[in-house]
Structure formats: structure tokens, C-alpha cells
$ cat entry.tsv   # TSV, C-alpha atoms
chain	number	residue	atom	x	y	z
Q	180	GLY	CA	151.49	77.97	138.13
Q	181	ALA	CA	149.26	78.90	135.25
Q	182	GLY	CA	149.31	82.60	136.01
Q	183	VAL	CA	150.81	85.19	138.33
Q	184	SER	CA	149.44	84.71	141.82
Q	185	GLN	CA	149.34	87.43	144.45
Q	186	THR	CA	148.45	87.06	148.09
Q	187	PRO	CA	146.62	88.32	149.96
Q	188	SER	CA	143.94	89.63	147.64
Q	189	ASN	CA	143.04	92.33	150.14
Q	190	LYS	CA	144.88	93.61	153.19
Q	191	VAL	CA	143.69	96.10	155.77
Q	192	THR	CA	146.27	97.34	158.22
Q	193	GLU	CA	146.64	100.07	160.78
Q	194	LYS	CA	148.84	103.07	160.21
Q	195	GLY	CA	152.36	102.37	161.40
Q	196	LYS	CA	152.19	98.61	160.95
Q	197	TYR	CA	154.43	96.44	158.78
Q	198	VAL	CA	153.01	94.50	155.82
Q	199	GLU	CA	154.26	91.92	153.36
Q	200	LEU	CA	152.75	91.32	149.95
Q	201	ARG	CA	153.58	88.14	148.08
Q	202	CYS	CA	153.93	87.46	144.37
Q	203	ASP	CA	154.28	84.03	142.79
Q	204	PRO	CA	155.24	84.51	139.12
Q	205	ILE	CA	154.62	82.24	136.17
Q	206	SER	CA	156.98	79.28	136.35
Q	207	GLY	CA	160.18	79.91	134.43
Q	208	HIS	CA	159.74	83.68	134.18
Q	209	THR	CA	163.00	85.33	135.13
Q	210	ALA	CA	161.75	88.93	135.09
Q	211	LEU	CA	159.43	90.19	137.83
Q	212	TYR	CA	157.92	93.65	138.31
Q	213	TRP	CA	156.07	95.40	141.08
Q	214	TYR	CA	153.70	98.25	140.28
Q	215	ARG	CA	151.46	100.43	142.43
Q	216	GLN	CA	148.10	101.62	141.18
Q	217	SER	CA	146.34	104.41	143.04
Q	218	LEU	CA	142.63	105.01	142.57
Q	219	GLY	CA	141.88	106.41	139.12
Q	220	GLN	CA	145.47	106.17	137.97
Q	221	GLY	CA	147.55	103.91	135.80
Q	222	PRO	CA	150.09	101.55	137.34
Q	223	GLU	CA	153.35	103.16	138.48
Q	224	PHE	CA	156.61	101.27	138.43
Q	225	LEU	CA	158.21	100.32	141.72
Q	226	ILE	CA	160.92	97.72	141.13
Q	227	TYR	CA	162.16	95.19	138.59
Q	228	PHE	CA	163.96	91.92	139.27
Q	229	GLN	CA	165.99	89.90	136.81
Q	230	GLY	CA	166.55	86.61	138.59
Q	231	THR	CA	167.36	87.20	142.24
Q	232	GLY	CA	168.69	90.72	141.92
Q	233	ALA	CA	166.85	94.01	141.81
Q	234	ALA	CA	167.97	95.34	138.45
Q	235	ASP	CA	166.03	98.60	138.82
Q	236	ASP	CA	164.53	99.89	142.07
Q	237	SER	CA	164.23	103.50	140.99
Q	238	GLY	CA	160.48	103.51	141.51
Q	239	LEU	CA	160.47	102.72	145.21
Q	240	PRO	CA	159.10	105.88	146.82
Q	241	ASN	CA	161.23	105.84	149.98
Q	242	ASP	CA	163.19	103.56	152.28
Q	243	ARG	CA	160.03	102.20	153.91
Q	244	PHE	CA	159.57	100.08	150.82
Q	245	PHE	CA	161.73	97.05	150.14
Q	246	ALA	CA	161.38	93.96	147.96
Q	247	VAL	CA	163.19	90.65	147.78
Q	248	ARG	CA	163.31	87.65	145.50
Q	249	PRO	CA	165.77	85.33	147.22
Q	250	GLU	CA	165.47	82.28	144.97
Q	251	GLY	CA	164.58	83.99	141.73
Q	252	SER	CA	160.95	82.96	141.87
Q	253	VAL	CA	158.59	84.22	144.59
Q	254	SER	CA	158.94	87.87	145.53
Q	255	THR	CA	157.84	89.75	148.61
Q	256	LEU	CA	157.18	93.47	148.76
Q	257	LYS	CA	157.68	94.79	152.28
Q	258	ILE	CA	156.33	98.07	153.59
Q	259	GLN	CA	157.40	99.37	156.98
Q	260	ARG	CA	155.58	101.95	159.09
Q	261	THR	CA	152.65	102.07	156.71
Q	262	GLU	CA	150.98	105.40	156.01
Q	263	ARG	CA	147.48	106.13	154.73
Q	264	GLY	CA	149.02	107.31	151.48
Q	265	ASP	CA	150.32	103.79	150.87
Q	266	SER	CA	146.75	102.63	150.25
Q	267	ALA	CA	146.61	101.34	146.67
Q	268	VAL	CA	146.49	98.20	144.57
Q	269	TYR	CA	149.91	96.59	144.31
Q	270	LEU	CA	150.34	94.70	141.07
Q	271	CYS	CA	152.96	92.12	140.27
Q	272	ALA	CA	153.90	91.01	136.76
Q	273	SER	CA	156.36	88.57	135.27
Q	274	SER	CA	157.84	87.88	131.85
Q	275	LEU	CA	160.25	85.56	130.13
Q	276	MET	CA	163.64	87.10	129.52
Q	277	GLY	CA	163.68	88.48	126.02
Q	278	TYR	CA	159.92	88.69	125.77
Q	279	THR	CA	158.39	92.10	125.66
Q	280	GLU	CA	155.01	91.68	127.28
Q	281	ALA	CA	154.41	91.12	130.94
Q	282	PHE	CA	151.69	89.04	132.54
Q	283	PHE	CA	149.99	90.54	135.56
Q	284	GLY	CA	148.45	89.13	138.70
Q	285	GLN	CA	145.18	90.31	140.17
Q	286	GLY	CA	146.91	92.57	142.62
Q	287	THR	CA	146.71	93.11	146.36
Q	288	ARG	CA	144.46	95.93	147.53
Q	289	LEU	CA	146.18	97.48	150.53
Q	290	THR	CA	144.13	99.74	152.78
Q	291	VAL	CA	145.85	101.60	155.60
Q	292	VAL	CA	143.45	102.89	158.23
L	490	ALA	CA	161.22	109.63	131.40
L	491	GLN	CA	158.71	108.58	128.82
L	492	THR	CA	155.14	109.77	129.23
L	493	VAL	CA	151.95	108.20	127.99
L	494	THR	CA	148.79	110.26	127.66
L	495	GLN	CA	145.23	109.03	127.39
L	496	SER	CA	143.00	112.06	126.96
L	497	GLN	CA	139.67	110.26	127.20
L	498	PRO	CA	138.86	109.36	130.82
L	499	GLU	CA	135.57	107.76	129.76
L	500	MET	CA	134.09	106.43	126.54
L	501	SER	CA	130.88	104.63	125.71
L	502	VAL	CA	129.78	102.56	122.72
L	503	GLN	CA	126.64	100.78	121.66
L	504	GLU	CA	126.88	97.02	121.53
L	505	ALA	CA	128.03	95.83	118.06
L	506	GLU	CA	129.35	99.27	117.17
L	507	THR	CA	132.96	100.44	116.80
L	508	VAL	CA	134.90	102.61	119.22
L	509	THR	CA	138.39	104.10	119.11
L	510	LEU	CA	140.47	104.85	122.19
L	511	SER	CA	143.27	107.38	121.88
L	512	CYS	CA	146.82	107.30	123.19
L	513	THR	CA	149.84	109.50	122.62
L	514	TYR	CA	153.32	109.12	124.00
L	515	ASP	CA	156.55	111.03	124.24
L	516	THR	CA	159.93	109.44	123.64
L	517	SER	CA	163.27	110.18	122.05
L	518	GLU	CA	163.96	106.52	121.38
L	519	SER	CA	163.53	104.82	118.02
L	520	ASP	CA	163.02	101.25	119.16
L	521	TYR	CA	160.21	100.51	121.57
L	522	TYR	CA	156.99	98.58	122.11
L	523	LEU	CA	153.47	99.76	122.66
L	524	PHE	CA	150.66	97.87	124.34
L	525	TRP	CA	147.01	98.07	125.17
L	526	TYR	CA	145.99	96.37	128.40
L	527	LYS	CA	142.44	95.77	129.60
L	528	GLN	CA	141.64	95.89	133.31
L	529	PRO	CA	138.19	94.56	134.29
L	530	PRO	CA	136.86	94.92	137.86
L	531	SER	CA	138.82	91.80	138.78
L	532	ARG	CA	141.89	94.11	138.66
L	533	GLN	CA	143.97	91.78	136.51
L	534	MET	CA	145.67	93.55	133.61
L	535	ILE	CA	145.08	91.54	130.44
L	536	LEU	CA	147.13	92.13	127.31
L	537	VAL	CA	144.90	93.08	124.38
L	538	ILE	CA	147.41	93.88	121.66
L	539	ARG	CA	151.01	94.93	121.16
L	540	GLN	CA	152.92	96.81	118.47
L	541	GLU	CA	156.63	96.88	117.74
L	542	ALA	CA	157.77	100.34	116.69
L	543	TYR	CA	159.95	98.99	113.89
L	544	LYS	CA	156.95	97.40	112.20
L	545	GLN	CA	155.02	99.66	109.88
L	546	GLN	CA	152.06	97.31	109.69
L	547	ASN	CA	149.39	97.93	112.29
L	548	ALA	CA	148.78	95.04	114.68
L	549	THR	CA	145.43	93.24	114.64
L	550	GLU	CA	143.95	90.70	117.05
L	551	ASN	CA	140.48	89.59	116.03
L	552	ARG	CA	138.13	92.53	116.79
L	553	PHE	CA	140.98	94.69	118.10
L	554	SER	CA	143.28	96.70	115.88
L	555	VAL	CA	145.60	99.65	116.30
L	556	ASN	CA	146.43	102.74	114.32
L	557	PHE	CA	150.13	103.32	114.96
L	558	GLN	CA	151.47	106.64	113.73
L	559	LYS	CA	155.15	106.71	114.70
L	560	ALA	CA	155.93	110.22	113.53
L	561	ALA	CA	152.93	111.60	115.40
L	562	LYS	CA	153.65	109.34	118.41
L	563	SER	CA	150.08	108.16	118.38
L	564	PHE	CA	148.75	104.69	119.15
L	565	SER	CA	144.97	104.34	119.09
L	566	LEU	CA	142.95	101.18	119.72
L	567	LYS	CA	139.91	100.33	117.62
L	568	ILE	CA	137.40	97.84	118.96
L	569	SER	CA	134.99	96.54	116.33
L	570	ASP	CA	131.66	94.80	116.97
L	571	SER	CA	131.81	95.83	120.63
L	572	GLN	CA	130.60	93.27	123.13
L	573	LEU	CA	129.36	93.63	126.70
L	574	GLY	CA	132.49	91.83	127.89
L	575	ASP	CA	134.66	94.60	126.44
L	576	ALA	CA	133.56	96.95	129.21
L	577	ALA	CA	136.64	97.70	131.33
L	578	MET	CA	139.44	100.16	131.92
L	579	TYR	CA	141.89	100.26	129.03
L	580	PHE	CA	145.49	101.28	129.56
L	581	CYS	CA	148.00	102.24	126.92
L	582	ALA	CA	151.58	101.33	127.83
L	583	TYR	CA	155.07	101.98	126.48
L	584	ARG	CA	158.25	100.01	126.93
L	585	SER	CA	161.59	100.86	125.37
L	586	ASP	CA	163.67	98.21	123.65
L	587	THR	CA	166.41	98.58	126.24
L	588	GLY	CA	164.44	99.49	129.32
L	589	ASN	CA	162.78	97.45	132.00
L	590	GLN	CA	159.81	99.60	132.84
L	591	PHE	CA	156.36	99.79	131.38
L	592	TYR	CA	155.00	103.32	131.39
L	593	PHE	CA	151.22	103.46	131.60
L	594	GLY	CA	148.67	106.10	130.78
L	595	THR	CA	145.89	107.05	133.18
L	596	GLY	CA	143.37	104.82	131.46
L	597	THR	CA	140.06	105.08	129.63
L	598	SER	CA	136.94	103.61	131.16
L	599	LEU	CA	134.88	101.96	128.42
L	600	THR	CA	131.15	101.37	128.88
L	601	VAL	CA	129.28	99.14	126.43
L	602	ILE	CA	125.58	99.97	126.15
L	603	PRO	CA	123.27	97.04	125.38

$ encode --input "entry.tsv" --output "C-alpha cells"
Amino acid sequence: GAGVSQTPSNKVTEKGKYVELRCDPISGHTALYWYRQSLGQGPEFLIYFQGTGAADDSGLPNDRFFAVRPEGSVSTLKIQRTERGDSAVYLCASSLMGYTEAFFGQGTRLTVV
Amino acid sequence: AQTVTQSQPEMSVQEAETVTLSCTYDTSESDYYLFWYKQPPSRQMILVIRQEAYKQQNATENRFSVNFQKAAKSFSLKISDSQLGDAAMYFCAYRSDTGNQFYFGTGTSLTVIP
């Protein structure tokens, strides 16, 4: 596609439920990032994929968070047993290998009630 | 870990005037990249300008320019001839030459007054 696409745009879920957030990167981009942005804060790194593998998952806050990218394109961020503190905007970005800047999607606003 | 500091939570500027947004960072690395991203209410982060640390010349993109002071670890953004469409959150970001992460500051909210 022309840009990074994230779905859904907004998601409201009940505490304890499971959610999946989808990211469709720019075609041909091998690198994919997930970031979390809490209200009034800058984005915080969660995980980085190079191709199909998670090259760096040091930002995942705990084992309730997991992300996959099975075919090296679309990625899904999965959150189990959601908590109210998980409420944030989840941003996805992609870049061409060897390029320094990343291109971001519009994010998914997750609200846990 | 690298840290990026934006000490101005909010700034305002009159339309057509010039404004400078400040950013400092902390790193022990010599090769890295610095960025300014704009985030309007649509939430999408839009790249405004980037600077390679090995380049002494300050980057310029139309009305946007930076003042990169490597020794001082300072990277400010100057917006000239401010326009209403410039109103947004602005984030300074750092990425090392060998790393995968972007480190972001906490942002500066820019208001443009007509």
C-alpha cells in the first residue's frame, strides 16, 4: 500500500479480554516496529522485526504482550488479559532495510474499561 | 539507554513568525541519526527533517531547519514563516547507527496564532 495501515483505528475492550492489533507495512519494507504512546508522552519502543523474526523485543512490558509477523509483511500485536494500564495509542512503523527513517501508521487507540 | 529531552511542553508562535523548538540528547555513541517528527491530531507521525551526526552541515527542508551542536548534544528545530498547518505535537527522536530503536522525547505542543 501507499502507507502504513493499522486496524482497527480505535478499540474499546473490557479488562481481562484479549485483543489483536494489526499493522500492514509499506510494501517491500523489511523492518517493522511497534511503539506504545501513552497520553502526553512520546512513543515508547515495544518490538522490532527484521523480516519474519523479532530482532529486538526488549520493549515488551511483560508476557501478556506478544507480536508476530509470520510472512514478513503484516504484523499482529497481541495483548492477553488486558489491564486498564494498557490503554494507549499503539503505533506501527516500517522502513526499508538500510534506511534510517521509519514511516508511521495512524495508530490504534486502545481503551480498556 | 539513550535519552532524549524536550524541555518545552508547549510553545506558541504568531503566524508568519519564526519559532525554535529545543531538544537535547544523551549518548556515548559517535554515529547516530536525529529526527524531528510532527504528530497532528490524526496521530500519524510525519517525518519533518533528519540529521546524520557525521555531517557538520545543518539539515534544511524548506521552512524547516535544524541547529545541530554535536558537542553540546543539542538538536533544535527552527520553523520559519509559521503556518496554521504547522500546529501539532513535535517529537525529537534519536537512533544509533547500529541500533534498531528510535528514542523519542516527550514532545512539544506547538500552537500557531492567526

$ interface_residues --input "entry.tsv" --of "chain L" --to "chain Q" --cutoff "6 Å" --atoms "all atoms listed in the file" --output "count of residues only"
6

$ closest_residue --input "entry.tsv" --among "L:Glu506, L:Asp515, L:Asp570, L:Asp586" --to "Val493 of chain L" --atoms "all atoms listed in the file"
L:Asp515

$ atom_distance --input "entry.tsv" --atom1 "atom CA of His208 of chain Q" --atom2 "atom CA of Phe524 of chain L"
19.5 Å

$ atom_distance --input "entry.tsv" --atom1 "atom CA of Thr290 of chain Q" --atom2 "atom CA of Lys194 of chain Q"
9.4 Å

$ closest_residue --input "entry.tsv" --among "Q:Ser266, Q:Ser273, Q:Asn189, Q:Gln259" --to "Ser217 of chain Q" --atoms "all atoms listed in the file"
Q:Ser266

$ atom_distance --input "entry.tsv" --atom1 "atom CA of Pro204 of chain Q" --atom2 "atom CA of Ser252 of chain Q"
6.5 Å

$ residues_around --input "entry.tsv" --residues "Glu541 of chain L" --least-positions-apart "5" --cutoff "12 Å" --atoms "only C-alpha atoms" --output "number ranges by chain"
Q: 278-280; L: 519-524, 546-548, 555, 557-559, 564, 583-586

$ residues_around --input "entry.tsv" --residues "Ile568 of chain L" --least-positions-apart "5" --cutoff "9 Å" --atoms "all atoms listed in the file" --output "PyMOL selection string"
chain L and resi 506-510+552-555+575

$ closest_residue --input "entry.tsv" --among "Q:Glu262, Q:Ala233, Q:Tyr197, Q:Ser254" --to "Val292 of chain Q" --atoms "all atoms listed in the file"
Q:Glu262

$ closest_residue --input "entry.tsv" --among "Q:Ile205, Q:Val247, Q:Leu256, Q:Val191" --to "Leu275 of chain Q" --atoms "all atoms listed in the file"
Q:Ile205
